[in-house]
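Structure file start32.cif with mmCIF, C-alpha atoms:
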data_structure
loop_
_atom_site.label_atom_id
_atom_site.label_comp_id
_atom_site.auth_asym_id
_atom_site.auth_seq_id
_atom_site.Cartn_x
_atom_site.Cartn_y
_atom_site.Cartn_z
CA ARG A 1 -8.73 -18.54 -7.19
CA LEU A 2 -11.30 -18.22 -4.42
CA ILE A 3 -11.37 -14.46 -4.99
CA VAL A 4 -12.40 -14.98 -8.60
CA LEU A 5 -15.09 -17.49 -7.63
CA HIS A 6 -16.67 -15.12 -5.12
CA ALA A 7 -16.44 -12.24 -7.60
CA ASP A 8 -18.07 -14.27 -10.38
CA ALA A 9 -20.90 -15.15 -7.97
CA GLY A 10 -21.47 -11.47 -7.13
CA ARG A 11 -20.14 -11.77 -3.59
CA ALA A 12 -17.95 -8.66 -3.59
CA GLU A 13 -17.54 -8.45 0.17
CA ARG A 14 -16.55 -12.10 0.50
CA ALA A 15 -14.05 -11.69 -2.34
CA LEU A 16 -12.55 -8.73 -0.49
CA ALA A 17 -12.34 -10.73 2.74
CA VAL A 18 -10.43 -13.51 0.98
CA SER A 19 -8.13 -10.98 -0.65
CA GLU A 20 -7.30 -9.43 2.72
CA ARG A 21 -6.63 -12.80 4.33
CA ALA A 22 -4.24 -13.61 1.49
CA ARG A 23 -2.50 -10.26 1.95
CA VAL A 24 -1.94 -10.89 5.66
CA ALA A 25 -0.78 -14.46 5.05
CA HIS A 26 2.00 -13.20 2.77
CA ALA A 27 2.90 -10.14 4.82
CA PRO A 28 6.25 -10.24 6.68
CA ARG A 29 4.58 -9.15 9.90
CA ALA A 30 2.06 -12.01 9.91
CA VAL A 31 2.44 -14.47 12.79
CA SER A 32 0.73 -17.69 13.76
CA GLY A 33 -2.78 -17.04 14.99
CA ASP A 34 -2.74 -13.46 13.71
CA SER A 35 -6.29 -12.33 12.95
CA ARG A 36 -5.39 -9.18 11.01
CA GLY A 37 -7.24 -8.73 7.78
CA THR A 38 -10.06 -11.08 8.77
CA TYR A 39 -13.64 -10.52 7.75
CA SER A 40 -14.57 -9.06 11.15
CA ILE A 41 -11.85 -6.42 10.89
CA GLN A 42 -13.01 -5.43 7.42
CA ARG A 43 -16.45 -4.70 8.79
CA GLY A 44 -15.00 -2.14 11.19
CA ARG A 45 -16.76 1.20 11.03
CA ILE A 46 -15.48 3.72 8.48
CA SER A 47 -16.03 7.44 8.84
CA ALA A 48 -18.80 8.84 6.64
CA ARG A 49 -16.22 11.22 5.18
CA THR A 50 -13.83 8.40 4.22
CA GLN A 51 -14.06 6.00 1.30
CA VAL A 52 -11.72 3.09 0.63
CA LEU A 53 -10.46 1.63 -2.66
CA VAL A 54 -8.69 -1.74 -2.51
CA TYR A 55 -6.76 -2.82 -5.61
CA ARG A 56 -5.43 -6.23 -6.61
CA LEU A 57 -4.05 -7.50 -9.92
CA ILE A 58 -5.11 -11.05 -10.79
CA ASP A 59 -3.69 -12.29 -14.09
CA ASP A 60 -4.71 -9.63 -16.62
CA THR A 61 -7.50 -8.06 -14.56
CA VAL A 62 -7.47 -5.26 -12.01
CA TYR A 63 -9.90 -5.86 -9.15
CA ALA A 64 -11.04 -2.65 -7.48
CA TRP A 65 -13.21 -2.84 -4.37
CA HIS A 66 -14.90 0.37 -3.26
CA ARG A 67 -16.15 0.60 0.29
CA ALA A 68 -18.29 3.41 1.68
CA GLY A 69 -19.85 2.73 5.06
CA GLU A 70 -21.00 -0.89 5.00
CA THR A 71 -21.42 -1.05 1.22
CA VAL A 72 -18.79 -2.87 -0.86
CA THR A 73 -18.80 -2.67 -4.65
CA LEU A 74 -16.43 -4.51 -6.98
CA ARG A 75 -15.31 -3.34 -10.41
CA ARG A 76 -13.07 -5.45 -12.65
CA THR A 77 -10.99 -3.97 -15.47
CA LEU A 78 -9.23 -6.04 -18.13
CA VAL A 79 -5.80 -4.50 -18.70
CA GLU A 80 -4.89 -3.80 -22.30
CA GLY A 81 -1.64 -5.65 -22.94
CA GLY A 82 -2.08 -7.81 -19.84
CA GLY A 83 -0.70 -7.86 -16.32
CA ASP A 84 2.93 -7.94 -17.45
CA ALA A 85 2.44 -4.73 -19.45
CA LEU A 86 0.92 -3.06 -16.39
CA ARG A 87 3.78 -4.10 -14.12
CA ASP A 88 6.32 -2.98 -16.73
CA THR A 89 4.64 0.42 -17.07
CA ILE A 90 4.67 0.93 -13.30
CA SER A 91 8.34 -0.04 -13.08
CA ARG A 92 9.42 2.25 -15.93
CA LEU A 93 7.36 5.12 -14.54
CA ARG A 94 8.96 4.82 -11.11
CA THR A 95 12.40 4.82 -12.74
CA ASN A 96 11.59 7.94 -14.76
CA LEU A 97 10.24 9.72 -11.70
CA GLU A 98 13.32 8.86 -9.65
CA ARG A 99 15.52 10.15 -12.45
CA ARG A 100 13.41 13.32 -12.59
CA ALA A 101 12.53 12.83 -16.23
CA GLY A 102 10.54 15.62 -17.85
CA GLU A 103 6.75 15.78 -17.78
CA GLY A 104 6.57 14.58 -21.37
CA ALA A 105 8.30 11.35 -20.38
CA VAL A 106 5.93 10.47 -17.54
CA ARG A 107 2.58 11.98 -18.53
CA PRO A 108 1.45 9.16 -20.91
CA ALA A 109 2.00 6.54 -18.21
CA LEU A 110 0.31 8.63 -15.51
CA GLU A 111 -2.74 9.14 -17.72
CA TRP A 112 -2.91 5.47 -18.76
CA LEU A 113 -2.72 4.31 -15.15
CA HIS A 114 -5.45 6.81 -14.25
CA SER A 115 -7.68 5.24 -16.92
CA VAL A 116 -6.95 1.77 -15.54
CA PHE A 117 -7.37 2.46 -11.82
CA VAL A 118 -9.43 5.62 -11.29
CA LYS A 119 -11.78 6.02 -14.22
CA PRO A 120 -13.59 2.66 -13.75
CA VAL A 121 -14.61 3.63 -10.20
CA ALA A 122 -14.95 7.39 -10.61
CA ASP A 123 -18.74 7.25 -10.39
CA LEU A 124 -18.56 5.46 -7.03
CA VAL A 125 -16.31 7.91 -5.22
CA ALA A 126 -18.24 10.81 -3.73
CA MET A 127 -16.80 14.30 -3.84
CA ARG A 128 -15.44 16.05 -0.72
CA THR A 129 -14.48 12.79 0.96
CA ARG A 130 -11.14 11.45 2.10
CA LEU A 131 -10.00 8.63 -0.20
CA THR A 132 -7.93 5.80 1.25
CA ILE A 133 -6.21 3.53 -1.27
CA VAL A 134 -5.06 0.01 -0.36
CA PRO A 135 -2.90 -1.40 -3.19
CA ASP A 136 -1.66 -4.98 -3.29
CA GLY A 137 1.63 -6.39 -4.55
CA ALA A 138 3.18 -4.56 -7.50
CA LEU A 139 0.40 -1.96 -7.35
CA ALA A 140 1.95 -0.54 -4.18
CA ALA A 141 4.58 1.06 -6.45
CA VAL A 142 1.97 3.12 -8.32
CA PRO A 143 2.46 6.87 -7.66
CA TRP A 144 -1.22 7.27 -6.81
CA ALA A 145 -1.20 10.97 -5.99
CA ALA A 146 0.37 11.77 -9.38
CA LEU A 147 -2.13 9.88 -11.55
CA ARG A 148 -3.44 12.34 -14.12
CA ASP A 149 -6.92 12.66 -15.61
CA ALA A 150 -6.34 13.25 -19.34
CA SER A 151 -9.73 14.96 -19.77
CA SER A 152 -9.45 17.47 -16.93
CA GLY A 153 -5.66 17.75 -16.77
CA LYS A 154 -5.78 17.35 -12.97
CA TYR A 155 -3.72 15.04 -10.81
CA LEU A 156 -5.53 12.81 -8.35
CA VAL A 157 -4.09 14.65 -5.36
CA GLU A 158 -5.59 17.89 -6.72
CA GLU A 159 -9.08 16.44 -6.61
CA ARG A 160 -9.22 14.94 -3.12
CA ALA A 161 -7.36 14.22 0.10
CA LEU A 162 -5.48 10.91 -0.23
CA THR A 163 -4.17 8.29 2.17
CA ILE A 164 -2.28 5.15 1.13
CA GLU A 165 -2.50 2.17 3.49
CA SER A 166 -1.07 -1.34 3.39
CA SER A 167 -4.25 -3.19 4.38
CA MET A 168 -7.96 -2.80 5.07
CA GLU A 169 -7.19 -3.15 8.76
CA ASP A 170 -4.99 -0.06 8.57
CA ALA A 171 -7.63 1.76 6.53
CA VAL A 172 -10.34 1.28 9.14
CA ALA A 173 -8.09 1.17 12.22
CA PRO A 174 -9.03 4.55 13.77
CA ASP A 175 -12.74 3.73 13.66
CA ALA A 176 -12.37 0.00 14.39
CA ARG A 177 -10.70 0.93 17.66
CA GLY A 178 -13.63 3.15 18.55
CA GLY A 179 -11.83 6.36 17.70
CA ARG A 180 -12.40 8.87 14.97
CA TRP A 181 -10.46 11.09 12.63
CA VAL A 182 -9.39 14.35 14.23
CA ALA A 183 -11.07 17.24 12.48
CA ASN A 184 -8.22 19.71 12.62
CA ALA A 185 -4.89 20.26 10.91
CA LEU A 186 -1.88 22.52 10.90
CA LEU A 187 -1.40 24.09 7.46
CA VAL A 188 1.87 25.99 7.13
CA GLY A 189 1.44 28.18 4.06
CA ASP A 190 3.50 31.31 4.59
CA PRO A 191 5.69 31.11 7.69
CA ALA A 192 7.64 34.16 8.77
CA SER A 193 11.40 33.94 8.27
CA HIS A 194 14.46 35.93 9.28
CA ALA A 195 16.53 36.89 6.23
CA ASP A 196 19.65 37.63 8.26
CA ALA A 197 19.60 34.38 10.20
CA VAL A 198 18.62 32.11 7.31
CA PRO A 199 19.48 33.92 4.05
CA GLU A 200 19.06 30.79 1.93
CA LEU A 201 15.45 30.30 3.06
CA ARG A 202 13.36 32.07 0.43
CA PRO A 203 9.55 32.32 0.40
CA LEU A 204 7.93 29.56 -1.64
CA PRO A 205 5.87 30.59 -4.66
CA HIS A 206 2.08 30.16 -4.37
CA ARG A 207 2.51 29.39 -0.68
CA VAL A 208 -0.71 31.06 0.49
CA ASP A 209 -2.77 29.65 -2.38
CA GLU A 210 -1.62 26.13 -1.55
CA GLY A 211 -2.61 26.59 2.07
CA ARG A 212 -6.05 27.83 1.10
CA ARG A 213 -6.51 24.94 -1.31
CA GLY A 214 -5.48 22.48 1.38
CA ALA A 215 -8.12 23.89 3.71
CA GLU A 216 -10.76 23.59 1.00
CA VAL A 217 -9.87 19.98 0.22
CA LEU A 218 -9.95 19.01 3.88
CA ALA A 219 -13.26 20.86 4.25
CA TYR A 220 -12.31 22.80 7.36
CA SER A 221 -14.28 25.89 8.23
CA GLU A 222 -11.43 27.88 9.77
CA SER A 223 -9.93 30.52 7.48
CA LEU A 224 -6.19 30.88 7.08
CA GLU A 225 -6.45 34.50 8.22
CA SER A 226 -6.91 33.15 11.74
CA VAL A 227 -3.45 31.54 11.68
CA THR A 228 -0.70 33.70 13.16
CA CYS A 229 2.88 33.06 12.04
CA ARG A 230 5.64 34.26 14.34
CA TRP A 231 9.40 34.13 14.12
CA CYS A 232 10.36 31.81 16.97
CA GLY A 233 14.08 32.49 17.00
CA ARG A 234 17.03 30.56 15.69
CA ALA A 235 17.25 26.95 16.80
CA PRO A 236 20.23 26.09 19.02
CA GLY A 237 23.23 24.97 16.97
#

Here is the file; what I need is its structure written in the form of structure tokens.
Amino acid sequence: RLIVLHADAGRAERALAVSERARVAHAPRAVSGDSRGTYSIQRGRISARTQVLVYRLIDDTVYAWHRAGETVTLRRTLVEGGGDALRDTISRLRTNLERRAGEGAVRPALEWLHSVFVKPVADLVAMRTRLTIVPDGALAAVPWAALRDASSGKYLVEERALTIESSMEDAVAPDARGGRWVANALLVGDPASHADAVPELRPLPHRVDEGRRGAEVLAYSESLESVTCRWCGRAPG
């Protein structure tokens, strides 16, 4: 319960460090002498355009650490119904999604999970930034991109670029190694196709709009009009 003790004392960063050490200690890849997840790794530089949310469920409380730059903030949310109810909701939701249940069957759970995980930290997460989520234990099964804001009707993936990582080390790895995120991307929105060669390949609806939206979310200055799509011929075989 060292995490709880540090949190109660207002030491959010120390609580996060302990949480990460515990994660590595229980990870299958951990080996003797492995330093992954240590406090020094957590202090690795994070891009100004990236923010990290680390989630852990302790008893009936969700711990959510928000890190932007060198600042770490902790928010704790008591789960209505307790930790077992949260785990059960996540499990049933995953089952419904895998069975392709209708929207009416999954929307209540997606909105409740949004209120548990996203709403309590919404004021901390700046707009137009990449959000990296590091969930622990059973929370790794949460369909983060699909969480739905009941007030706006938007899914989390519609509001910002998302990355899911397994640890803080992975979240800061590009910058901790002295590198940086590459500021370019390939967005395939409306590729040319050959109806005779591939008759079953039909144009996707809203293909151009999705490409434009992707460019806006990633905040790239290049317009999609500059992308040229060419038919490259039929692949061998």

Quiz item: Neighbours of region 139-141 of chain A within 8 Å (all atoms listed in the file; same-chain residues fewer than 6 positions away dropped), as a ChimeraX atom specification?
Solution: /A:55-57,87,90-91,94

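For the atom pair formed by CA of Leu131 (chain A) and CA of Ile164 (chain A), the distance is 8.6 Å, given to one decimal.
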
Exercise. Apply the PyMOL selection byres ((chain A and resi 161) around 6) to the displayed file and report the matching residues as a ChimeraX atom specification.
Key: /A:130,160,162

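In this structure, CA of Asp136 (chain A) sits 7.5 Å away from CA of Arg23 (chain A).
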
Exercise. Could you please determine the separation between CA of Glu165 (chain A) and CA of Thr132 (chain A) in Å, to one decimal place?
Key: 6.9 Å

Practice problem: Can you give me, as a list in words, the residues this file yields under the PyMOL selection byres ((chain A and resi 73) around 10)? | Solution: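 Output from the PyMOL selection byres ((chain A and resi 73) around 10), applied to this file: Gly10, Arg11, Ala12, Glu13, Leu16, Leu53, Ala64, Trp65, His66, Arg67, Ala68, Thr71, Val72, Leu74, Arg75, Val121 and Leu124 of chain A.
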
Exercise. Using only C-alpha atoms, find the one residue out of A:Tyr155, A:Phe117, A:Trp112, A:Tyr63 that sits nearest to Leu93 (chain A).
Key: A:Trp112

Quiz prompt | Best match for closeness to Ile133 (chain A) among A:Arg99, A:Val4, A:Thr163, A:Glu70, counting all atoms listed in the file | solution =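 For Ile133 (chain A), the nearest of the candidates is A:Thr163.
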
Exercise. Write out as number ranges by chain the residues lying within 12 Å of Arg1 (chain A), counting only C-alpha atoms and excluding same-chain residues fewer than 4 positions away.
Key: A: 5-8, 15, 18-19, 22, 58-59

Exercise. Counting all atoms listed in the file, figure out which residue out of A:Leu78, A:Ala9, A:Ala146, A:Val134 gets nearest to Val106 (chain A).
Key: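 That would be A:Ala146, the residue with the smallest distance to Val106 (chain A).
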
Quiz item: Between A:Gln51, A:Ser167, A:Ser115, A:Asn96, which has the minimum distance to Glu80 (chain A) (counting all atoms listed in the file)?
Solution: A:Ser115

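Comparing A:Ala101, A:Val52, A:Leu113, A:Ile3 by their smallest distance to Thr89 (chain A), the closest is A:Leu113 (using all atoms listed in the file).
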
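Nearest to Pro135 (chain A) of all the residues A:Gly83, A:Ser166, A:Leu2, A:Lys119 is A:Ser166, counting only C-alpha atoms.
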
Quick one: 6 Å padding each side, axis-aligned, all listed atoms of region 116-125 of chain A - centre and edge lengths in Å to one decimal, as JSON?
{"center_x": -12.8, "center_y": 4.8, "center_z": -10.4, "size_x": 23.8, "size_y": 18.1, "size_z": 22.3}
